[in-house]
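Text of query.cif (mmCIF, C-alpha atoms and all ligand atoms) as supplied:
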```cif
data_start
loop_
_atom_site.label_atom_id
_atom_site.label_comp_id
_atom_site.auth_asym_id
_atom_site.auth_seq_id
_atom_site.Cartn_x
_atom_site.Cartn_y
_atom_site.Cartn_z
CA MET A 1 119.55 146.54 81.42
CA VAL A 2 120.28 146.19 85.12
CA ASP A 3 117.42 146.66 87.61
CA PHE A 4 118.92 148.58 90.54
CA GLU A 5 115.59 148.41 92.39
CA ASN A 6 115.86 144.64 92.79
CA THR A 7 116.27 144.54 96.56
CA GLU A 8 116.01 140.76 96.70
CA ILE A 9 119.37 140.52 94.88
CA ALA A 10 120.79 143.62 96.56
CA PHE A 11 120.27 142.32 100.10
CA ARG A 12 120.32 138.59 99.57
CA GLN A 13 123.29 138.18 101.90
CA LYS A 14 121.61 140.02 104.78
CA ASN A 15 119.18 138.38 107.20
CA LYS A 16 116.29 140.33 108.70
CA ASN A 17 118.26 141.36 111.78
CA GLN A 18 121.11 142.68 109.66
CA LEU A 19 118.66 144.60 107.50
CA ARG A 20 117.07 146.18 110.57
CA LYS A 21 120.48 147.06 111.99
CA ALA A 22 121.53 148.70 108.72
CA TYR A 23 118.22 150.57 108.62
CA TRP A 24 118.74 152.03 112.11
CA LEU A 25 122.35 152.90 111.37
CA PHE A 26 121.35 154.93 108.30
CA ARG A 27 118.50 156.49 110.30
CA MET A 28 121.07 157.74 112.80
CA LEU A 29 123.45 158.88 110.07
CA ALA A 30 120.61 160.83 108.48
CA SER A 31 120.53 163.13 111.50
CA PRO A 32 123.05 165.96 111.05
CA THR A 33 122.88 166.77 114.78
CA LEU A 34 123.62 163.21 115.85
CA VAL A 35 126.51 162.96 113.38
CA LYS A 36 127.92 166.33 114.46
CA VAL A 37 127.75 165.44 118.15
CA GLY A 38 129.02 161.88 117.51
CA SER A 39 131.98 163.11 115.42
CA PHE A 40 132.84 165.73 118.05
CA PHE A 41 132.82 163.19 120.90
CA THR A 42 134.80 160.66 118.88
CA ARG A 43 137.48 163.22 118.01
CA THR A 44 137.64 164.41 121.62
CA ALA A 45 137.79 160.86 122.96
CA ILE A 46 140.71 160.07 120.65
CA LYS A 47 142.58 163.22 121.73
CA THR A 48 142.00 162.51 125.41
CA ARG A 49 142.69 158.79 124.94
CA LEU A 50 139.25 157.73 126.12
CA PRO A 51 138.18 154.35 124.78
CA VAL A 52 135.73 154.55 121.86
CA SER A 53 136.10 151.16 120.17
CA TRP A 54 133.33 149.62 122.27
CA ALA A 55 130.81 152.04 120.73
CA LEU A 56 132.16 152.17 117.18
CA LYS A 57 133.12 148.54 116.57
CA PRO A 58 129.65 146.95 116.66
CA THR A 59 128.06 149.86 114.76
CA VAL A 60 129.72 152.04 112.10
CA PHE A 61 132.99 150.07 112.06
CA ASN A 62 131.37 146.72 111.37
CA HIS A 63 129.13 148.28 108.75
CA PHE A 64 131.79 150.16 106.76
CA CYS A 65 135.00 148.19 107.47
CA GLY A 66 136.28 144.68 106.85
CA GLY A 67 138.18 144.20 110.11
CA GLU A 68 141.08 145.44 112.22
CA ALA A 69 143.76 143.49 110.31
CA ILE A 70 144.10 142.01 106.82
CA ASP A 71 143.24 138.46 107.74
CA ALA A 72 140.28 139.59 109.82
CA CYS A 73 138.71 140.67 106.51
CA ASP A 74 138.59 137.07 105.22
CA PRO A 75 134.93 136.43 106.09
CA VAL A 76 133.88 139.66 104.34
CA ILE A 77 136.01 138.86 101.26
CA GLN A 78 134.56 135.39 101.08
CA LYS A 79 130.99 136.51 101.53
CA LEU A 80 131.25 139.21 98.88
CA GLY A 81 132.95 136.70 96.60
CA GLU A 82 129.97 134.33 96.89
CA ALA A 83 127.89 137.07 95.25
CA ASN A 84 130.60 137.69 92.62
CA VAL A 85 131.50 140.97 94.25
CA GLN A 86 135.26 141.37 94.58
CA THR A 87 137.31 143.15 97.21
CA ILE A 88 139.87 145.96 97.16
CA LEU A 89 141.59 145.98 100.56
CA ASP A 90 142.18 149.55 101.67
CA TYR A 91 144.48 150.16 104.63
CA SER A 92 142.88 153.32 105.94
CA ALA A 93 145.58 155.30 107.70
CA GLU A 94 145.12 159.06 107.28
CA GLY A 95 146.74 162.19 108.58
CA LYS A 96 150.02 160.53 109.60
CA GLU A 97 153.19 162.62 109.84
CA SER A 98 156.23 160.44 110.50
CA ASP A 99 158.45 158.34 108.27
CA ALA A 100 157.91 155.39 110.58
CA ASP A 101 154.14 155.62 110.02
CA PHE A 102 154.57 155.95 106.27
CA ASP A 103 156.90 152.95 106.15
CA TYR A 104 154.41 150.96 108.19
CA THR A 105 151.63 151.88 105.76
CA ARG A 106 153.86 150.90 102.83
CA GLU A 107 154.35 147.48 104.43
CA GLN A 108 150.59 147.12 104.89
CA ILE A 109 150.02 147.91 101.22
CA ILE A 110 152.69 145.38 100.23
CA ALA A 111 150.86 142.84 102.41
CA THR A 112 147.57 143.57 100.62
CA ILE A 113 149.36 143.01 97.30
CA ASP A 114 150.68 139.66 98.54
CA LYS A 115 147.20 138.77 99.71
CA ALA A 116 145.76 139.69 96.28
CA LYS A 117 148.30 137.61 94.36
CA GLY A 118 146.51 134.64 92.79
CA GLU A 119 143.31 135.46 94.72
CA PRO A 120 140.49 136.02 92.20
CA ASN A 121 138.37 137.73 94.85
CA ILE A 122 140.93 140.55 95.17
CA PRO A 123 141.60 142.00 91.71
CA TYR A 124 143.35 145.25 92.72
CA ALA A 125 145.45 146.83 95.44
CA VAL A 126 145.05 150.48 96.39
CA PHE A 127 146.79 153.23 98.30
CA LYS A 128 146.24 156.81 99.29
CA PRO A 129 149.20 159.14 98.56
CA THR A 130 149.05 160.79 101.99
CA GLY A 131 149.21 157.33 103.56
CA VAL A 132 152.87 157.28 102.46
CA ALA A 133 153.72 161.00 102.27
CA ARG A 134 153.42 164.07 104.45
CA PHE A 135 150.68 166.37 103.16
CA ALA A 136 152.62 169.58 103.86
CA LEU A 137 155.66 168.27 101.99
CA LEU A 138 153.62 167.44 98.87
CA GLU A 139 152.06 170.91 99.09
CA LYS A 140 155.47 172.54 99.28
CA VAL A 141 156.78 170.54 96.31
CA GLN A 142 153.71 171.47 94.25
CA GLU A 143 154.07 175.15 95.11
CA GLY A 144 157.61 175.06 93.77
CA ASP A 145 159.08 176.31 97.05
CA SER A 146 162.73 175.47 97.51
CA LEU A 147 163.14 172.44 99.76
CA THR A 148 165.65 172.15 102.56
CA GLN A 149 168.15 169.34 102.21
CA ALA A 150 166.17 167.29 104.74
CA GLU A 151 162.98 167.85 102.74
CA GLN A 152 164.69 166.83 99.51
CA LEU A 153 165.71 163.58 101.17
CA GLU A 154 162.18 163.17 102.55
CA PHE A 155 160.67 163.62 99.10
CA GLY A 156 163.16 161.07 97.77
CA ARG A 157 161.78 158.60 100.31
CA VAL A 158 158.22 159.37 99.18
CA ARG A 159 159.14 158.63 95.56
CA GLU A 160 160.86 155.45 96.71
CA ARG A 161 157.68 154.30 98.53
CA PHE A 162 155.54 154.90 95.44
CA HIS A 163 158.06 152.95 93.34
CA THR A 164 158.52 150.10 95.82
CA ILE A 165 154.76 149.55 96.05
CA CYS A 166 154.20 149.62 92.30
CA GLU A 167 157.27 147.51 91.53
CA HIS A 168 156.03 144.90 93.98
CA ALA A 169 152.49 145.03 92.55
CA VAL A 170 153.82 144.56 89.02
CA LYS A 171 156.03 141.65 90.09
CA GLN A 172 152.99 139.95 91.62
CA GLY A 173 150.78 140.84 88.65
CA VAL A 174 148.37 142.82 90.82
CA PRO A 175 147.07 146.11 89.37
CA VAL A 176 147.31 149.00 91.81
CA MET A 177 145.05 152.05 92.09
CA ILE A 178 146.31 155.30 93.55
CA ASP A 179 143.65 157.48 95.17
CA SER A 180 143.31 161.16 94.36
CA GLU A 181 143.39 163.96 96.90
CA GLU A 182 143.12 167.77 97.18
CA SER A 183 144.07 169.74 94.04
CA TRP A 184 146.89 171.56 95.86
CA ILE A 185 148.82 168.30 96.19
CA GLN A 186 147.33 166.38 93.25
CA THR A 187 149.63 167.81 90.56
CA VAL A 188 152.68 166.40 92.29
CA VAL A 189 150.85 163.09 92.83
CA ASP A 190 149.92 163.04 89.11
CA GLU A 191 153.58 163.53 88.21
CA LEU A 192 154.65 160.64 90.44
CA VAL A 193 151.89 158.38 89.10
CA GLU A 194 152.49 159.27 85.45
CA GLU A 195 156.12 158.24 85.87
CA LEU A 196 154.91 154.86 87.14
CA MET A 197 152.27 154.46 84.44
CA PHE A 198 154.85 155.08 81.72
CA ARG A 199 157.18 152.59 83.35
CA TYR A 200 154.79 149.76 84.17
CA ASN A 201 151.79 149.91 81.82
CA GLU A 202 153.54 148.70 78.69
CA LYS A 203 152.15 145.16 78.56
CA GLU A 204 148.96 145.63 80.53
CA PRO A 205 147.24 148.34 82.59
CA LEU A 206 148.75 147.83 86.04
CA VAL A 207 149.06 151.31 87.53
CA PHE A 208 145.82 153.32 87.79
CA ASN A 209 145.58 157.01 88.55
CA THR A 210 142.32 158.46 89.91
CA LEU A 211 140.52 161.37 88.29
CA GLN A 212 138.06 163.54 90.23
CA MET A 213 135.56 164.63 87.65
CA TYR A 214 134.22 167.51 89.77
CA ARG A 215 137.36 169.31 88.59
CA HIS A 216 136.71 171.11 85.32
CA ASP A 217 140.23 170.40 84.00
CA ARG A 218 140.07 166.61 84.32
CA LEU A 219 138.33 165.66 81.08
CA GLU A 220 141.00 167.52 79.17
CA TYR A 221 143.69 165.87 81.30
CA LEU A 222 142.20 162.44 80.58
CA LYS A 223 142.23 163.05 76.83
CA ASP A 224 145.72 164.52 76.88
CA PHE A 225 147.18 161.72 78.99
CA THR A 226 145.57 159.06 76.81
CA LYS A 227 147.17 160.64 73.76
CA ARG A 228 150.59 160.79 75.39
CA ALA A 229 150.29 157.21 76.66
CA ARG A 230 149.34 155.98 73.20
CA GLN A 231 152.31 157.80 71.65
CA ASN A 232 154.55 156.06 74.17
CA GLY A 233 152.94 152.64 73.64
CA VAL A 234 151.54 152.25 77.15
CA TYR A 235 148.05 151.66 78.52
CA SER A 236 146.10 154.39 80.24
CA ALA A 237 144.31 153.27 83.40
CA PHE A 238 141.97 155.38 85.48
CA LYS A 239 139.60 155.06 88.38
CA LEU A 240 136.95 157.71 87.80
CA VAL A 241 135.29 159.35 90.81
CA ARG A 242 133.37 162.59 91.28
CA GLY A 243 135.59 163.84 94.12
CA ALA A 244 135.39 163.97 97.89
CA TYR A 245 136.75 167.40 98.85
CA MET A 246 134.36 169.86 97.20
CA GLU A 247 133.76 172.16 100.19
CA LYS A 248 137.44 172.26 101.09
CA GLU A 249 138.38 173.05 97.47
CA ARG A 250 135.89 175.90 97.22
CA ALA A 251 136.80 177.34 100.61
CA ARG A 252 140.51 177.38 99.81
CA ALA A 253 139.97 178.93 96.38
CA ALA A 254 137.82 181.65 97.96
CA LYS A 255 140.34 182.28 100.74
CA HIS A 256 143.32 182.58 98.37
CA GLY A 257 141.38 184.38 95.64
CA TYR A 258 141.84 181.96 92.75
CA PRO A 259 139.01 180.46 90.63
CA SER A 260 137.53 177.30 92.11
CA PRO A 261 138.72 174.20 90.22
CA ILE A 262 135.30 172.59 90.81
CA TYR A 263 132.29 172.77 88.49
CA PRO A 264 129.83 175.35 89.80
CA ASP A 265 126.98 172.83 89.98
CA LYS A 266 126.21 169.13 90.26
CA PRO A 267 124.95 168.73 86.66
CA GLY A 268 128.34 170.02 85.46
CA THR A 269 130.13 167.34 87.48
CA ASP A 270 127.64 164.66 86.38
CA GLN A 271 128.10 165.52 82.72
CA ALA A 272 131.91 165.45 83.00
CA TYR A 273 131.77 162.14 84.88
CA ASN A 274 129.59 160.47 82.28
CA ASP A 275 131.65 161.94 79.42
CA ALA A 276 134.85 160.59 81.00
CA VAL A 277 133.38 157.08 81.34
CA SER A 278 132.17 157.28 77.76
CA PHE A 279 135.58 158.44 76.51
CA CYS A 280 137.35 155.57 78.29
CA LEU A 281 134.90 153.01 76.90
CA ASP A 282 135.31 154.41 73.38
CA ASN A 283 139.06 153.87 73.77
CA ILE A 284 138.82 150.57 75.62
CA LYS A 285 141.52 148.91 73.52
CA ASP A 286 144.25 150.79 75.32
CA VAL A 287 142.40 152.39 78.25
CA ALA A 288 141.29 150.59 81.42
CA VAL A 289 138.60 152.17 83.56
CA CYS A 290 137.17 151.62 87.02
CA VAL A 291 133.79 153.34 87.39
CA GLY A 292 133.95 154.36 91.06
CA THR A 293 130.54 155.73 91.95
CA HIS A 294 127.32 155.28 93.89
CA ASN A 295 125.39 157.15 91.22
CA GLU A 296 122.84 154.86 89.57
CA LEU A 297 122.46 156.99 86.47
CA SER A 298 126.20 156.97 85.80
CA CYS A 299 126.24 153.18 86.20
CA GLU A 300 123.23 152.86 83.89
CA ARG A 301 124.94 155.05 81.30
CA ALA A 302 128.09 152.93 81.54
CA VAL A 303 126.07 149.74 81.12
CA GLU A 304 124.31 151.19 78.05
CA LYS A 305 127.62 152.26 76.57
CA ILE A 306 129.19 148.84 77.17
CA ALA A 307 126.27 147.32 75.22
CA ALA A 308 126.48 149.98 72.49
CA ILE A 309 130.16 149.38 71.76
CA GLY A 310 129.56 145.64 71.87
CA ILE A 311 132.15 144.51 74.43
CA GLU A 312 131.41 141.78 76.94
CA ALA A 313 130.05 142.80 80.37
CA ASP A 314 133.13 141.44 82.11
CA HIS A 315 135.69 142.95 79.74
CA PRO A 316 138.99 142.92 81.65
CA HIS A 317 139.47 146.66 81.12
CA VAL A 318 136.19 147.66 82.80
CA SER A 319 135.09 147.44 86.41
CA PHE A 320 132.69 149.16 88.78
CA ALA A 321 133.49 149.96 92.41
CA GLN A 322 131.55 151.04 95.46
CA LEU A 323 132.45 151.37 99.13
CA LEU A 324 131.65 148.58 101.59
CA GLY A 325 128.37 149.29 103.37
CA MET A 326 127.04 151.60 100.68
CA SER A 327 124.99 151.11 97.52
CA ASP A 328 124.67 147.34 97.66
CA HIS A 329 121.75 147.70 95.25
CA ILE A 330 124.28 148.85 92.62
CA SER A 331 127.09 146.40 93.44
CA TYR A 332 125.00 143.23 93.81
CA ASN A 333 122.73 143.88 90.84
CA LEU A 334 125.67 144.71 88.55
CA ALA A 335 127.53 141.61 89.74
CA ALA A 336 124.45 139.42 89.20
CA ALA A 337 124.27 140.76 85.64
CA GLY A 338 127.86 139.67 85.00
CA TYR A 339 129.85 142.93 85.33
CA ASN A 340 133.16 143.18 87.17
CA VAL A 341 132.30 144.76 90.52
CA CYS A 342 134.46 145.52 93.55
CA LYS A 343 133.94 146.92 97.00
CA TYR A 344 136.56 149.08 98.66
CA VAL A 345 137.00 147.27 101.99
CA PRO A 346 138.77 149.56 104.47
CA TYR A 347 140.55 147.90 107.36
CA GLY A 348 142.80 148.84 110.26
CA PRO A 349 142.62 149.28 114.02
CA VAL A 350 139.41 151.13 114.98
CA LYS A 351 141.38 154.21 116.07
CA THR A 352 143.25 154.38 112.75
CA VAL A 353 140.09 154.10 110.70
CA ILE A 354 138.17 156.81 112.61
CA PRO A 355 138.86 159.69 110.16
CA TYR A 356 137.55 157.44 107.36
CA LEU A 357 134.44 156.59 109.40
CA ILE A 358 133.76 160.21 110.26
CA ARG A 359 133.97 161.09 106.55
CA ARG A 360 131.49 158.32 105.72
CA ALA A 361 129.15 159.51 108.47
CA GLU A 362 129.37 163.14 107.37
CA GLU A 363 128.87 162.18 103.72
CA ASN A 364 125.68 160.30 104.68
CA THR A 365 124.00 163.02 106.70
CA SER A 366 121.67 164.15 103.95
CA VAL A 367 118.37 162.26 103.75
CA ALA A 368 117.93 163.95 100.40
CA GLY A 369 120.78 162.00 98.84
CA GLN A 370 122.45 158.67 99.31
CA THR A 371 121.03 157.96 102.79
CA GLY A 372 117.45 158.49 101.67
CA ARG A 373 118.06 155.95 98.94
CA GLU A 374 119.58 153.43 101.36
CA LEU A 375 116.64 153.85 103.76
CA PHE A 376 114.06 153.51 100.98
CA LEU A 377 115.62 150.30 99.66
CA LEU A 378 116.09 148.73 103.11
CA ARG A 379 112.46 149.50 103.95
CA LYS A 380 111.34 148.03 100.63
CA GLU A 381 113.22 144.79 101.26
CA LEU A 382 111.95 144.48 104.85
CA LYS A 383 108.40 144.90 103.54
CA ARG A 384 108.96 142.36 100.76
CA ARG A 385 110.12 139.78 103.32
CA LYS A 386 107.01 140.31 105.42
CA LYS A 387 104.80 139.12 102.55
C1 LIG A 401 135.27 153.03 94.92
C2 LIG A 401 135.41 154.48 95.24
C3 LIG A 401 136.66 155.04 95.33
C4 LIG A 401 136.80 156.41 95.63
N1 LIG A 401 138.03 156.99 95.63
C5 LIG A 401 138.15 158.33 95.77
C6 LIG A 401 139.40 159.00 95.60
O1 LIG A 401 140.43 158.38 95.36
N2 LIG A 401 139.43 160.34 95.75
C7 LIG A 401 138.30 161.09 96.00
O2 LIG A 401 138.38 162.33 96.07
N3 LIG A 401 137.12 160.48 96.19
C8 LIG A 401 137.00 159.13 96.06
N4 LIG A 401 135.78 158.53 96.20
C9 LIG A 401 134.61 159.36 96.65
C10 LIG A 401 133.96 160.04 95.46
O3 LIG A 401 134.82 161.03 94.96
C11 LIG A 401 132.62 160.70 95.81
O4 LIG A 401 132.79 161.61 96.85
C12 LIG A 401 131.52 159.77 96.23
O5 LIG A 401 131.60 158.54 95.55
C13 LIG A 401 130.15 160.41 95.91
O6 LIG A 401 129.98 160.59 94.52
P1 LIG A 401 129.10 159.59 93.64
O7 LIG A 401 129.55 159.62 92.23
O8 LIG A 401 129.15 158.27 94.26
O9 LIG A 401 127.60 160.06 93.80
P2 LIG A 401 126.74 161.41 93.66
O10 LIG A 401 125.93 161.41 94.91
O11 LIG A 401 126.02 161.41 92.36
O12 LIG A 401 127.71 162.60 93.65
C14 LIG A 401 128.09 163.33 94.77
C15 LIG A 401 129.33 164.06 94.33
O13 LIG A 401 129.02 165.01 93.29
C16 LIG A 401 129.84 166.16 93.42
N5 LIG A 401 128.96 167.31 93.69
C17 LIG A 401 127.94 167.37 94.61
N6 LIG A 401 127.37 168.58 94.62
C18 LIG A 401 128.03 169.33 93.69
C19 LIG A 401 127.93 170.69 93.26
N7 LIG A 401 127.02 171.51 93.79
N8 LIG A 401 128.77 171.13 92.31
C20 LIG A 401 129.70 170.31 91.77
N9 LIG A 401 129.85 169.02 92.12
C21 LIG A 401 129.04 168.52 93.08
C22 LIG A 401 130.78 165.88 94.58
O14 LIG A 401 131.94 165.30 94.04
C23 LIG A 401 130.02 164.88 95.42
O15 LIG A 401 130.87 164.06 96.21
C24 LIG A 401 135.62 157.19 95.89
C25 LIG A 401 134.37 156.60 95.81
C26 LIG A 401 134.24 155.27 95.48
C27 LIG A 401 132.87 154.69 95.38
#
```

This entry written out as structure tokens:
Amino acid sequence: MVDFENTEIAFRQKNKNQLRKAYWLFRMLASPTLVKVGSFFTRTAIKTRLPVSWALKPTVFNHFCGGEAIDACDPVIQKLGEANVQTILDYSAEGKESDADFDYTREQIIATIDKAKGEPNIPYAVFKPTGVARFALLEKVQEGDSLTQAEQLEFGRVRERFHTICEHAVKQGVPVMIDSEESWIQTVVDELVEELMFRYNEKEPLVFNTLQMYRHDRLEYLKDFTKRARQNGVYSAFKLVRGAYMEKERARAAKHGYPSPIYPDKPGTDQAYNDAVSFCLDNIKDVAVCVGTHNELSCERAVEKIAAIGIEADHPHVSFAQLLGMSDHISYNLAAAGYNVCKYVPYGPVKTVIPYLIRRAEENTSVAGQTGRELFLLRKELKRRKK
């Protein structure tokens, strides 16, 4: 079994100063007031074009991001690689609206695929659907509203971007993961991704969809898709996450008067998550799975299941993934035990990455959860080094 409390392994790449810096960063993030005020000022500064990079770059940016451009991430990729932790480069543009922006993002993703080709430290590429498509357009398509001629052409360009990226990834032999988003655009994303999975996953699992297991329909979807994929002689491939938009989902469902698609409580989500991992591992012959979580228990369960079904720890169809700057105790200990482990490494100009950083900060404001864990482990390691 893997000991996630082993802080010596977890933080072996951090010197004392870096540990102290990380400790103070999480201390600040643990304060809801500080995060609220900080997020407000950052958003305002961006709107009013005040410079903010000087404050963000040496703090949250350097902690959670790889760099401002692809090649600037090299030192991070190399360092992670030395601990057998691999990298998924994530160009973090969000909330864009124009075709020019979407085409630029597509080119960035193509560049990450080229970078990954033949580079063992970068096993996957990734992209976020709304990095290459306008949110409101996807929403309109999903609602079944009739599109204007211009919108039909725009949606054609979205489909083309999805296809160009995946075609390129397949040509270079680099598997590509597609992130999941809000349920009111996810059905149309699923349709686009399924098309690609059926086209490209014949010989090996190259196109991965993402399932948010906080949705109570996802386990059924996973089983149904796997069946359909098998009937069509293609691999299923999924990144499994719990889901990042719970409050938004519930608020929208309440506002529009439809039942929330999210489990009513955390144990419901946890159970579905663990069941989905278990299902994928039981079907590992033709299902590939990336266990994308910071939840120790889910990782432990996955490790137990891998042992129970008797496949090797580094089976090519199984990997674990965490975000850079979070849960190193999971990533480094799993990697040291021989599992395939990746970090999502976001990159981009500081201004572009700000929505991502604000989400990370807001996600970490509860001392009860993830941040409390980070603080406890950092304190433990600092104490151990004093001895
Ligand atoms: C590598 C990686 C890739 C990711 N990609 C995506 C992506 O493509 N799309 C996406 O949406 N998210 C993505 N995420 C974020 C992910 O969905 C989670 O928000 C985040 O990882 C926290 O969940 P956890 O499993 O790590 O840990 P935990 O702390 O165990 O779980 C927290 C999660 O549980 C769920 N939850 C919490 N309270 C309740 C409740 N009361 N009722 C029901 N459910 C509850 C929520 O989903 C919450 O985020 C990714 C995360 C990682 C690590």

Calculate, to one decimal in Å, the centre and edge lengths of the box along x, y and z of the file that holds all listed atoms of ligand LIG 401 (chain A) with 5 Å of margin on each side, and present them as lines of an AutoDock Vina configuration file.
```
center_x = 133.2
center_y = 162.3
center_z = 94.3
size_x = 24.5
size_y = 28.5
size_z = 15.1
```

For ligand LIG 401 (chain A), collect every residue having any atom at a distance of at most 8 Å from a ligand atom (counting all atoms listed in the file); output as a PDB file with C-alpha atoms, keeping the file's coordinate frame.
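See pocket26.pdb below for the written result:
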```pdb
ATOM      1  CA  LYS A 128     146.240 156.810  99.290  1.00  0.00           C
ATOM      2  CA  ILE A 178     146.310 155.300  93.550  1.00  0.00           C
ATOM      3  CA  ASP A 179     143.650 157.480  95.170  1.00  0.00           C
ATOM      4  CA  SER A 180     143.310 161.160  94.360  1.00  0.00           C
ATOM      5  CA  GLU A 181     143.390 163.960  96.900  1.00  0.00           C
ATOM      6  CA  GLU A 182     143.120 167.770  97.180  1.00  0.00           C
ATOM      7  CA  THR A 210     142.320 158.460  89.910  1.00  0.00           C
ATOM      8  CA  LEU A 211     140.520 161.370  88.290  1.00  0.00           C
ATOM      9  CA  GLN A 212     138.060 163.540  90.230  1.00  0.00           C
ATOM     10  CA  MET A 213     135.560 164.630  87.650  1.00  0.00           C
ATOM     11  CA  TYR A 214     134.220 167.510  89.770  1.00  0.00           C
ATOM     12  CA  LYS A 239     139.600 155.060  88.380  1.00  0.00           C
ATOM     13  CA  LEU A 240     136.950 157.710  87.800  1.00  0.00           C
ATOM     14  CA  VAL A 241     135.290 159.350  90.810  1.00  0.00           C
ATOM     15  CA  ARG A 242     133.370 162.590  91.280  1.00  0.00           C
ATOM     16  CA  GLY A 243     135.590 163.840  94.120  1.00  0.00           C
ATOM     17  CA  ALA A 244     135.390 163.970  97.890  1.00  0.00           C
ATOM     18  CA  TYR A 245     136.750 167.400  98.850  1.00  0.00           C
ATOM     19  CA  MET A 246     134.360 169.860  97.200  1.00  0.00           C
ATOM     20  CA  ILE A 262     135.300 172.590  90.810  1.00  0.00           C
ATOM     21  CA  TYR A 263     132.290 172.770  88.490  1.00  0.00           C
ATOM     22  CA  PRO A 264     129.830 175.350  89.800  1.00  0.00           C
ATOM     23  CA  ASP A 265     126.980 172.830  89.980  1.00  0.00           C
ATOM     24  CA  LYS A 266     126.210 169.130  90.260  1.00  0.00           C
ATOM     25  CA  PRO A 267     124.950 168.730  86.660  1.00  0.00           C
ATOM     26  CA  GLY A 268     128.340 170.020  85.460  1.00  0.00           C
ATOM     27  CA  THR A 269     130.130 167.340  87.480  1.00  0.00           C
ATOM     28  CA  ASP A 270     127.640 164.660  86.380  1.00  0.00           C
ATOM     29  CA  VAL A 291     133.790 153.340  87.390  1.00  0.00           C
ATOM     30  CA  GLY A 292     133.950 154.360  91.060  1.00  0.00           C
ATOM     31  CA  THR A 293     130.540 155.730  91.950  1.00  0.00           C
ATOM     32  CA  HIS A 294     127.320 155.280  93.890  1.00  0.00           C
ATOM     33  CA  ASN A 295     125.390 157.150  91.220  1.00  0.00           C
ATOM     34  CA  GLU A 296     122.840 154.860  89.570  1.00  0.00           C
ATOM     35  CA  SER A 298     126.200 156.970  85.800  1.00  0.00           C
ATOM     36  CA  PHE A 320     132.690 149.160  88.780  1.00  0.00           C
ATOM     37  CA  ALA A 321     133.490 149.960  92.410  1.00  0.00           C
ATOM     38  CA  GLN A 322     131.550 151.040  95.460  1.00  0.00           C
ATOM     39  CA  LEU A 323     132.450 151.370  99.130  1.00  0.00           C
ATOM     40  CA  CYS A 342     134.460 145.520  93.550  1.00  0.00           C
ATOM     41  CA  LYS A 343     133.940 146.920  97.000  1.00  0.00           C
ATOM     42  CA  TYR A 344     136.560 149.080  98.660  1.00  0.00           C
ATOM     43  CA  GLU A 363     128.870 162.180 103.720  1.00  0.00           C
ATOM     44  CA  GLY A 369     120.780 162.000  98.840  1.00  0.00           C
ATOM     45  CA  GLN A 370     122.450 158.670  99.310  1.00  0.00           C
TER      46      GLN A 370
END
```

I'd like the interatomic distance between atom CA of A:Ala276 and atom CA of A:Pro346, to a tenth of an Å.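 Computing it gives 26.2 Å between the two atoms.
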
Hey, can you check how far atom CA of A:Ala111 sits from atom CA of A:Val126? 11.3 Å

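The interatomic distance for the pair atom CA of A:Leu382 and atom CA of A:Gly338 works out to 25.9 Å.
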
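Distances from A:Ala83, A:Ala133, A:Ile185, A:Ala288 to A:Glu249 were compared using only C-alpha atoms, and the smallest one belongs to A:Ile185.
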
Kindly provide, as a PDB file with C-alpha atoms, in the coordinates of the input, the polymer residues lying within 12 Å of (122.3, 145.3, 109.7), counting all atoms listed in the file and using the coordinates exactly as they appear in the file.
```pdb
ATOM      1  CA  PHE A  11     120.270 142.320 100.100  1.00  0.00           C
ATOM      2  CA  GLN A  13     123.290 138.180 101.900  1.00  0.00           C
ATOM      3  CA  LYS A  14     121.610 140.020 104.780  1.00  0.00           C
ATOM      4  CA  ASN A  15     119.180 138.380 107.200  1.00  0.00           C
ATOM      5  CA  LYS A  16     116.290 140.330 108.700  1.00  0.00           C
ATOM      6  CA  ASN A  17     118.260 141.360 111.780  1.00  0.00           C
ATOM      7  CA  GLN A  18     121.110 142.680 109.660  1.00  0.00           C
ATOM      8  CA  LEU A  19     118.660 144.600 107.500  1.00  0.00           C
ATOM      9  CA  ARG A  20     117.070 146.180 110.570  1.00  0.00           C
ATOM     10  CA  LYS A  21     120.480 147.060 111.990  1.00  0.00           C
ATOM     11  CA  ALA A  22     121.530 148.700 108.720  1.00  0.00           C
ATOM     12  CA  TYR A  23     118.220 150.570 108.620  1.00  0.00           C
ATOM     13  CA  TRP A  24     118.740 152.030 112.110  1.00  0.00           C
ATOM     14  CA  LEU A  25     122.350 152.900 111.370  1.00  0.00           C
ATOM     15  CA  PHE A  26     121.350 154.930 108.300  1.00  0.00           C
ATOM     16  CA  ARG A  27     118.500 156.490 110.300  1.00  0.00           C
ATOM     17  CA  PRO A  58     129.650 146.950 116.660  1.00  0.00           C
ATOM     18  CA  THR A  59     128.060 149.860 114.760  1.00  0.00           C
ATOM     19  CA  VAL A  60     129.720 152.040 112.100  1.00  0.00           C
ATOM     20  CA  PHE A  61     132.990 150.070 112.060  1.00  0.00           C
ATOM     21  CA  ASN A  62     131.370 146.720 111.370  1.00  0.00           C
ATOM     22  CA  HIS A  63     129.130 148.280 108.750  1.00  0.00           C
ATOM     23  CA  PHE A  64     131.790 150.160 106.760  1.00  0.00           C
ATOM     24  CA  GLY A 325     128.370 149.290 103.370  1.00  0.00           C
ATOM     25  CA  MET A 326     127.040 151.600 100.680  1.00  0.00           C
ATOM     26  CA  GLU A 374     119.580 153.430 101.360  1.00  0.00           C
ATOM     27  CA  LEU A 375     116.640 153.850 103.760  1.00  0.00           C
ATOM     28  CA  LEU A 378     116.090 148.730 103.110  1.00  0.00           C
ATOM     29  CA  LEU A 382     111.950 144.480 104.850  1.00  0.00           C
TER      30      LEU A 382
END
```
